[in-house]
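Remarks on the structure that follows.
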Amino acid sequence: MAEKIDFTEIAVAGYNSDFDSDAETRKRKLQDESLLPTKKKKSDGVPSYQEMEQQYTKEEGKIHRLHYLSMSAFDRHKQFVNNYLLYFGGNLKDFKRDTSKDRNDMDVIRENHQFLWDEDDDTSETWEKALAKKYYDKLFKEYCLADLSRYKENKVGMRWRTENEVVEGKGQFICGSKKCPEKEGLRSWEVNFAYVEHGEKKNALVKLRLCPDCSYRLNYHHKRKEVLPPKTKQERKRDKRHKKHKKHKKGRRGGSSDEEQNTEGEPSGQSQRGSEKDDKPQAEETNVWSGPAKITEEKSREEEFEDYFADMFL
């Protein structure tokens, strides 16, 4: 019978030569063993310490990453600072920055604010001026609001109204004083507001709507000019009639005095009394029969609107 050949031994041993050294045969044997499939060792189900440490650090890294991503930039910064102080030591004061020179938008506007801006003013020089000019353009410059807390010192502060104050009616339908809620008896005043701004003297003509008490404070040192509504057609007609009546009265008084001087044998006092008594009914009769009966005219809708808005836009 033919002999069986074990090919595994040949694969491991390789085609050795009788002239190879022991070191070369050993090296070739190791190379051949690496080519053969290796069988996995059976484990008892318990991971090693190194594997557990790697898995733990991996999971902790995920938790910390999610925690930092959920925080804001400032909270993340504080967390890093606290961790640094916890592990490396130090003082928290070393991490505090100087806040003495910090400014917000309102601080910039206050520094570069102007009560009135000229068209020639160049606001492209700095961004601060551009910001203050942009705020000025949003203000409503029809009526002013006044601070009358130092009226006895003849010092009055004024500023323009914001959009919310215009909607509320502050300064037009409500007293224009800073803290006065009065709505009745408002009067309009035209004030030549003289002020000093950035070391330069300026003046502006502004309008104020104030209640009687605040009007007294405004005019405490000297009287300001009051803005009155324009007269309606009926008021003009009434004034004309009043002037004509005055002229007529003066003419009648002049004629009666001449008659009294020409009268003889009667004292002047008695003649005056008699003429006054006699003239009254005659004057009433002449007034009644001098012209057609007066008809009371009803106001049209436009005239009623004019009367209603007369004091609003002074």
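In the structure tokens, each chain is lettered A, B, ... as it comes, each chain's residues begin at 1, and ligands are numbered from 1 in order of appearance.
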All strand (DSSP E or B) positions in region 62-282 of chain A, as a VMD selection string: chain A and resid 140 to 147 157 to 161 170 174 177 187 to 197 200 to 210 225 to 227
DSSP-assigned helix (DSSP H, G or I) members of region 13-229 of chain A, reported as a ChimeraX atom specification: /A:13,22-35,49-69,73-88,92-95,105-112,127-137,151-153,163-168,212-218
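Nearest residue to Phe193 (chain A), choosing from A:Gly169, A:Gly157, A:Pro181, A:Gly176 and counting only C-alpha atoms: A:Gly157.
Using only C-alpha atoms, the smallest distance between any of A:Gln114, A:Glu197, A:Glu59, A:Arg97 and Lys134 (chain A) comes from A:Gln114.
Of the listed residues (A:Lys133, A:Lys138, A:Lys96, A:Arg187), A:Arg187 comes nearest to Cys214 (chain A); the distances count only C-alpha atoms.
The space between CA of Glu51 (chain A) and CA of Ser34 (chain A) spans 25.6 Å.
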Which neighbours of Leu116 (chain A) fall inside 10 Å, counting only C-alpha atoms, when residues of the same chain fewer than 4 positions from it are skipped, and could you give them as a PDB file with N, CA and C atoms, in the first residue's frame?
ATOM      1  N   LYS A 133     -26.287 109.758  16.001  1.00  0.00           N
ATOM      2  CA  LYS A 133     -27.121 110.387  14.955  1.00  0.00           C
ATOM      3  C   LYS A 133     -28.286 109.480  14.571  1.00  0.00           C
ATOM      4  N   TYR A 136     -30.861 109.905  17.171  1.00  0.00           N
ATOM      5  CA  TYR A 136     -31.511 111.222  17.033  1.00  0.00           C
ATOM      6  C   TYR A 136     -32.566 111.188  15.925  1.00  0.00           C
ATOM      7  N   LYS A 141     -39.626 115.312  16.894  1.00  0.00           N
ATOM      8  CA  LYS A 141     -39.180 116.657  17.276  1.00  0.00           C
ATOM      9  C   LYS A 141     -40.277 117.706  17.080  1.00  0.00           C
ATOM     10  N   TRP A 160     -36.264 115.525  23.406  1.00  0.00           N
ATOM     11  CA  TRP A 160     -37.316 115.167  22.464  1.00  0.00           C
ATOM     12  C   TRP A 160     -38.010 113.890  22.917  1.00  0.00           C
ATOM     13  N   GLU A 197     -23.536 122.828  25.014  1.00  0.00           N
ATOM     14  CA  GLU A 197     -23.343 121.449  24.570  1.00  0.00           C
ATOM     15  C   GLU A 197     -21.934 121.286  24.032  1.00  0.00           C
ATOM     16  N   LYS A 202     -25.498 127.195  22.529  1.00  0.00           N
ATOM     17  CA  LYS A 202     -26.481 127.048  21.452  1.00  0.00           C
ATOM     18  C   LYS A 202     -27.846 127.469  21.961  1.00  0.00           C
ATOM     19  N   ASN A 203     -28.754 127.740  21.051  1.00  0.00           N
ATOM     20  CA  ASN A 203     -30.142 128.016  21.430  1.00  0.00           C
ATOM     21  C   ASN A 203     -31.078 127.491  20.344  1.00  0.00           C
ATOM     22  N   ALA A 204     -32.275 127.111  20.784  1.00  0.00           N
ATOM     23  CA  ALA A 204     -33.257 126.533  19.873  1.00  0.00           C
ATOM     24  C   ALA A 204     -34.647 126.953  20.327  1.00  0.00           C
TER      25      ALA A 204
END
Shell around Glu165 (chain A) at 12 Å using only C-alpha atoms, local window under 4 positions removed, as JSON, numbers by chain: {"A": [139, 140, 141, 143, 144, 145, 159, 160, 161, 169, 170, 171, 172, 173, 174, 175, 176, 178]}
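Counting only C-alpha atoms, region 101-111 of chain A has the following residues at most 8 Å away, ignoring those fewer than 3 positions along the same chain: A:Asp98, A:Glu128, A:Lys129, A:Leu131, A:Ala132, A:Tyr135.
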Save out the residues we just selected, N, CA, C and O atoms, as a compact mmCIF listing (two decimals), in the first residue's frame.
# COMPACT_ATOMS: atom_id res chain seq x y z
N ASP A 98 -10.49 93.96 33.74
CA ASP A 98 -10.80 95.33 34.16
C ASP A 98 -12.07 95.80 33.46
O ASP A 98 -12.12 95.89 32.23
N GLU A 128 -19.20 105.98 16.90
CA GLU A 128 -19.95 106.51 18.03
C GLU A 128 -20.89 107.64 17.57
O GLU A 128 -22.06 107.69 17.96
N LYS A 129 -20.37 108.55 16.74
CA LYS A 129 -21.20 109.65 16.23
C LYS A 129 -22.32 109.12 15.34
O LYS A 129 -23.45 109.63 15.37
N LEU A 131 -23.80 106.26 15.58
CA LEU A 131 -24.81 105.65 16.45
C LEU A 131 -25.68 106.71 17.11
O LEU A 131 -26.92 106.58 17.17
N ALA A 132 -25.07 107.80 17.60
CA ALA A 132 -25.84 108.88 18.24
C ALA A 132 -26.75 109.57 17.23
O ALA A 132 -27.90 109.92 17.55
N TYR A 135 -29.79 107.39 16.55
CA TYR A 135 -30.77 107.51 17.64
C TYR A 135 -31.54 108.83 17.53
O TYR A 135 -32.76 108.87 17.74
